[in-house]
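J.: Okay, handing you the structure first.
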Amino acid sequence: METFVLNLLAATLRVATPLLLAALGEMLIERSGVLNLGIEGTMFFGAFVGFVVADHTGSLWLGFWAAVLSGVAAGVLMAFFSVSLGVNQHVSGLGITLLLGGMALFAFRLLYGGRSVPPSIEPFPQLSLFEGVPVLGVLFRQYLFTYIAFLVLVPLAWWLMYHTSFGLNVRAVGENPEAADAAGVDVFRIRYIALAIGGGLIAAGGAFLSLAQLGSFTHGVVSGRGWVALALVIFGNWDPLRVMVGSLIFGGTFALQLRLQAMGLNLPVPYETFLALPYLVTIAALIIAGRNATYPAALLKPYKRE
Amino acid sequence: MYLVEMLGITKRFGALVANDRIDFNLKPGEIHALLGENGAGKTTLMRILYGLYRADEGQIRVQGRNVHIRSPRDALTLGIGMVTQHFALVPPLTVAENIVLGYTDDFRLNREAIRQAVAEAEERFQIYVDPDAVVQHLSVGQKQRVEILKALYRNARVLILDEPTAVLVPQEVDNLFQTLERLREQGFSIVFISHKLDEVMRISDRVTVLRDGRVVGTVPTAETNERELARMMVGRETFGVTRQEIHQGEEPLLRLENVWANDDQGLPALKSVSLTVRAGEILGIAGVGGNGQKELSEVLSGMRAPTRGRVLVGERDLTGAEPVEFADAGVGRIPEDRHEGVVADLTVAENLALEHLDAFTRNGLLDRKAMLEHAEHLIREFQIKARPTDKAGKLSGGNMQKVILARVLSRQPKVVIAAQPTRGLDIGATEYVRQQLLAQRDRGAAVLLISEDLDEILALSDRIAVIYEGEIVGELPASEATPERLGLLMAGATKEQGRAGTATATTSH
């Protein structure tokens, strides 16, 4: 029982990592007043670019950084449409998700053809911080990205949002761009920067899936995790710490359902019920938390000077 | 030597010439009033000076040098700050954060240093607001102080205030004027945009009057008077409306008994409100915006159900009834937001027929001809400057309001609920609307007038009730009402109870 719980907790952190990376990126973007529905496509594209570059160069790190760069590019593309041109954010975001999803699959087919067994690479290793120590040894056997996401990025995002002039500018631009503009803040520049950084984080979440967790790239590698991250931002009320809590809840349910499936319990329900569990929990959490969500006031509104 | 000179400024919006070769100048250490009706071009001119608009023609000089102002940032660099009518503040941020926003070079925000710098500025200018308070929790007067402080913190030497008193209660106006006088002593120059003659006479050193985008003249305040300024402003003597005392009916047409209602967030917005409006009287509801006025007018038209209490029209109990039942009972409503009162995409004729389509239906089809005739008749009667086939959304604010008045008043309602009926209208349209409301009263209707404009309340009402935080904190006959007494009630400083004629002051709590 004890090992079951420990393994469950360790798996929770692992499953939560890509969600946390993507949700932190999306949070930064939405705080600046842009809803980035390109998140699912950006994650998928990041997973693809990371895998292909790593496979062809033999360097996992080159693959990872190439994925981050592709995410930055996706963010800048989103900024060009929704910030510079003022296109409806739903339309431009969904467009980017469709575009990147299609491009990744198309290029994957060109490069690898239609194989029955997906190509694979040797993924990033897990790092043990407390090898041999009971309890801690199990919990702290994680990928480097998991440590960075939870121990570095969450505090960093919090510090950036509330203790720097950049964070102040982002919050002001997302709440009242007219006021920020009148106060001398460059609204367009801030939104471009937020989308570039956020896009990079989202793609890093995708790359984590293909380069660390799976070591391969498949059609369903992301399977809606981008949309879950989008929901986590609302659940977390645009606050880094609460977004982290949300990613742990989802990660925990996901890890639990995997184990329930594996246990082969003889229950009168089909196994798909377990698969649906994390998503049902997400919906329930959203319904509860979403009622009191305080959206950034300028979300979805393109800013134009008169 | 002028601090700021604007020479031959012209600004066009499409076919409209908002500013037509305007000359304006500002001396160091003066309060210069910019006076004119709505649409005279006052705000446009100052938005050009602050870099929010670009002039099509003309020249701006600051301290004798030609300058190009392309953004508020440029203006602030030249020492020009502006407090616009809609405050440029970020509601969820603190006062200190709003003040330093866009004006700090350090990447890391040193909260302690910022708080200290803001506190020092407050001390220097004697404008006090808690630097740690979140802006959305502040009163309108406090927000205005933050805006002034923000401009001064950025080293503005020229302060432009756009209709700064429009949102304030009388006591806050006094407070503001003291601040402005202190700033003048310290050598600051202030442009005071207003259409209120008494305030201009009280605070300014010089007055520039605009009409239809042109300068009518610039005069030292000491050498002019309200009459002359009014004549310059509207091009004729103004009369305003006069209210004749008439004998009021005894019959109560509208009664509210201990009505409670919640706002959109589910918090109580009306707390045990009891009111009676009799035939042939206007009951004015005075109060600063956001104290329950919106909910009150919605409760009285069936748009919002009270949580407790009763609403009676005549002898009919309409508590929680649908809008159509209120209309059937003879309640006409002029909504607070006139864009909510018309359907912008429909024509004037369609809008005029909207609330009683049954009358224009034959065999289940609309009788277009009857609708057009009906519209032409009302357009004549209510002096609407529009054709029946014009889209309602294209009309000016005044004409849109006349469409709503025509639709509501042509049905001879027993009860009229008028919410902010003249907000944003110019003097001509305002006078027209007020005359119509008085005509309804003289006809024997019960009129409930909800307005944030104290002058309007005082000019029209037979009795006045003051609403504060959802409570009626005082009710008094118009003959006993003064702006000071109402102002204290509106600010929640005192509470007076009693009915018309027997108003007595009680201690505040």
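Chain labels run A, B, ... following the order of the structure tokens; each chain numbers its residues from 1, and ligands are numbered from 1 in the order shown.
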Residues of chain A within 8 Å of chain B, counting only C-alpha atoms, what are they? List them as number ranges by chain.

T.: A: 163-166, 168-169, 172, 175-176, 178-185, 306

J.: Stretch 82-181 of chain A: which residues are helix (DSSP H, G or I) by DSSP, as a PyMOL selection string?

T.: chain A and resi 82-84+89-112+136-139+144-163+165-175+177-181

J.: Going by DSSP on the backbone, which residues of stretch 240-382 of chain B come out as strand (DSSP E)? List them as a ChimeraX atom specification.

T.: /B:252-262,268-278,281-286,308-313,316-317,331-334,361-362,365-366

J.: Within 6 Å of B:Arg61, counting only C-alpha atoms, which residues show up once you throw out same-chain ones fewer than 4 positions away? Write them as a list in words, please.

T.: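 Final neighbour list, sorted by chain and number: Val4, Glu5, Arg65, Asn66 and Val67 of chain B.
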
J.: I want to know what sits within 12 Å of B:Glu471, based on only C-alpha atoms, with residues of the same chain fewer than 2 positions away left out; could you give that as an MDAnalysis selection string?

T.: chainID B and resid 258:261 268:275 285:287 290:293 295:296 465:469 473:475 489:490 492 495:497

J.: With N, CA and C atoms retained, write the just-selected residues as a compact mmCIF listing (two decimals), in the first residue's frame.

T.:
```txt
# COMPACT_ATOMS: atom_id res chain seq x y z
N ASN B 258 -40.87 48.25 1.49
CA ASN B 258 -39.73 47.47 2.01
C ASN B 258 -39.13 46.54 0.97
N VAL B 259 -38.78 47.11 -0.16
CA VAL B 259 -38.28 46.29 -1.26
C VAL B 259 -36.78 46.03 -1.09
N TRP B 260 -36.43 44.76 -1.20
CA TRP B 260 -35.03 44.34 -1.23
C TRP B 260 -34.76 43.73 -2.59
N ALA B 261 -33.56 43.95 -3.11
CA ALA B 261 -33.18 43.29 -4.37
C ALA B 261 -31.68 43.10 -4.38
N PRO B 268 -26.95 42.30 -1.77
CA PRO B 268 -28.09 43.21 -1.67
C PRO B 268 -27.75 44.59 -2.25
N ALA B 269 -28.55 45.03 -3.21
CA ALA B 269 -28.33 46.34 -3.82
C ALA B 269 -29.41 47.32 -3.39
N LEU B 270 -30.59 46.80 -3.02
CA LEU B 270 -31.65 47.63 -2.47
C LEU B 270 -31.98 47.06 -1.11
N LYS B 271 -32.01 47.96 -0.11
CA LYS B 271 -32.24 47.48 1.25
C LYS B 271 -33.47 48.16 1.82
N SER B 272 -34.55 47.44 1.86
CA SER B 272 -35.79 47.91 2.46
C SER B 272 -36.19 49.30 1.96
N VAL B 273 -36.32 49.41 0.65
CA VAL B 273 -36.69 50.69 0.05
C VAL B 273 -38.21 50.84 0.05
N SER B 274 -38.69 51.94 0.65
CA SER B 274 -40.12 52.26 0.61
C SER B 274 -40.29 53.64 -0.01
N LEU B 275 -41.12 53.70 -1.04
CA LEU B 275 -41.34 54.98 -1.73
C LEU B 275 -42.79 55.03 -2.18
N ILE B 285 -34.97 60.84 -7.33
CA ILE B 285 -34.06 59.99 -6.56
C ILE B 285 -32.64 60.48 -6.83
N ALA B 286 -32.06 61.14 -5.81
CA ALA B 286 -30.71 61.66 -5.97
C ALA B 286 -29.72 60.64 -5.41
N GLY B 287 -28.51 60.68 -5.90
CA GLY B 287 -27.49 59.77 -5.38
C GLY B 287 -26.34 59.65 -6.35
N GLY B 290 -24.23 54.03 -8.91
CA GLY B 290 -23.80 52.76 -8.33
C GLY B 290 -24.30 52.52 -6.92
N ASN B 291 -25.26 53.29 -6.48
CA ASN B 291 -25.79 53.09 -5.13
C ASN B 291 -27.13 52.35 -5.14
N GLY B 292 -27.46 51.71 -6.26
CA GLY B 292 -28.69 50.93 -6.33
C GLY B 292 -29.70 51.49 -7.33
N GLN B 293 -29.33 52.59 -8.00
CA GLN B 293 -30.26 53.21 -8.95
C GLN B 293 -30.63 52.26 -10.08
N GLU B 295 -30.58 48.99 -10.16
CA GLU B 295 -31.44 47.91 -9.68
C GLU B 295 -32.85 48.42 -9.41
N LEU B 296 -32.95 49.65 -8.88
CA LEU B 296 -34.26 50.22 -8.60
C LEU B 296 -35.08 50.34 -9.89
N ALA B 465 -35.85 62.09 -2.76
CA ALA B 465 -35.34 61.05 -1.88
C ALA B 465 -33.89 60.79 -2.28
N VAL B 466 -33.05 60.51 -1.28
CA VAL B 466 -31.64 60.28 -1.56
C VAL B 466 -31.32 58.81 -1.31
N ILE B 467 -30.66 58.19 -2.29
CA ILE B 467 -30.30 56.78 -2.15
C ILE B 467 -28.80 56.68 -1.90
N TYR B 468 -28.43 55.88 -0.90
CA TYR B 468 -27.02 55.67 -0.58
C TYR B 468 -26.83 54.22 -0.17
N GLU B 469 -25.95 53.53 -0.87
CA GLU B 469 -25.71 52.10 -0.64
C GLU B 469 -27.00 51.30 -0.54
N VAL B 473 -31.78 57.20 2.36
CA VAL B 473 -31.24 57.79 3.59
C VAL B 473 -31.91 59.12 3.93
N GLY B 474 -32.81 59.57 3.08
CA GLY B 474 -33.50 60.82 3.39
C GLY B 474 -34.55 61.10 2.35
N GLU B 475 -35.63 61.77 2.78
CA GLU B 475 -36.66 62.15 1.83
C GLU B 475 -37.17 63.50 2.27
N LEU B 489 -26.19 63.95 2.33
CA LEU B 489 -26.93 62.69 2.30
C LEU B 489 -26.34 61.74 1.26
N MET B 490 -26.00 62.30 0.08
CA MET B 490 -25.48 61.47 -1.00
C MET B 490 -24.14 60.85 -0.63
N GLY B 492 -23.42 59.88 2.26
CA GLY B 492 -23.64 58.95 3.36
C GLY B 492 -23.24 59.52 4.71
N LYS B 495 -28.17 60.98 7.84
CA LYS B 495 -29.35 60.21 7.50
C LYS B 495 -30.55 61.01 7.99
N GLU B 496 -31.51 61.25 7.11
CA GLU B 496 -32.70 61.98 7.52
C GLU B 496 -33.90 61.11 7.26
N GLN B 497 -34.81 61.12 8.22
CA GLN B 497 -35.99 60.32 8.02
C GLN B 497 -37.23 61.21 8.02
```

J.: Do a neighbour search on stretch 328-342 of chain B at 7 Å with only C-alpha atoms, toss out local chain neighbours closer than 2 positions, and write the hits as a ChimeraX atom specification.

T.: /B:301,313,324-326,344,351,392,401,404-405,408,413-421

J.: List the neighbours of A:Val15 out to 9 Å using only C-alpha atoms; skip same-chain residues closer than 4 positions along the sequence, and give me the result as a CSV table (one decimal) with N, CA, C and O atoms, in the first residue's frame.

T.:
```csv
chain,number,residue,atom,x,y,z
A,10,ALA,N,4.7,10.0,-7.1
A,10,ALA,CA,5.8,10.3,-8.1
A,10,ALA,C,5.3,10.4,-9.5
A,10,ALA,O,5.7,11.3,-10.2
A,11,ALA,N,4.3,9.6,-9.8
A,11,ALA,CA,3.7,9.6,-11.2
A,11,ALA,C,2.9,10.9,-11.3
A,11,ALA,O,2.9,11.5,-12.4
A,19,LEU,N,1.7,19.7,-18.2
A,19,LEU,CA,0.6,20.6,-18.0
A,19,LEU,C,1.0,21.9,-17.3
A,19,LEU,O,0.6,23.0,-17.7
A,213,GLN,N,9.1,11.8,-21.4
A,213,GLN,CA,8.1,10.8,-20.9
A,213,GLN,C,8.0,9.6,-21.9
A,213,GLN,O,7.9,8.4,-21.4
A,247,SER,N,-2.6,21.7,-11.7
A,247,SER,CA,-1.9,20.7,-12.5
A,247,SER,C,-1.7,19.4,-11.6
A,247,SER,O,-1.7,18.3,-12.2
A,248,LEU,N,-1.5,19.5,-10.3
A,248,LEU,CA,-1.3,18.4,-9.5
A,248,LEU,C,-2.6,17.6,-9.3
A,248,LEU,O,-2.6,16.3,-9.3
A,250,PHE,N,-5.0,17.3,-11.5
A,250,PHE,CA,-5.2,16.6,-12.8
A,250,PHE,C,-4.2,15.5,-12.9
A,250,PHE,O,-4.6,14.3,-13.2
A,251,GLY,N,-3.0,15.8,-12.6
A,251,GLY,CA,-1.9,14.8,-12.7
A,251,GLY,C,-2.2,13.6,-11.8
A,251,GLY,O,-2.0,12.4,-12.2
A,252,GLY,N,-2.7,13.9,-10.6
A,252,GLY,CA,-3.0,12.9,-9.6
A,252,GLY,C,-4.1,11.9,-10.1
A,252,GLY,O,-4.0,10.7,-10.1
A,254,PHE,N,-5.0,11.5,-13.2
A,254,PHE,CA,-4.5,10.8,-14.4
A,254,PHE,C,-3.7,9.5,-14.0
A,254,PHE,O,-3.9,8.4,-14.5
A,255,ALA,N,-2.8,9.8,-13.0
A,255,ALA,CA,-1.9,8.7,-12.6
A,255,ALA,C,-2.7,7.6,-11.9
A,255,ALA,O,-2.5,6.4,-12.1
```

J.: Pick from B:Glu350, B:Glu57, B:Glu322, B:Glu163: nearest to B:Val191, with only C-alpha atoms counted?

T.: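 Distance minimum relative to B:Val191 lands on B:Glu163.
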
J.: Show which residues sit within 9 Å of A:Val68, as number ranges by chain. Count only C-alpha atoms, and ignore same-chain residues fewer than 3 positions away.

T.: A: 46, 49-50, 63-65, 71-73, 199-204, 207
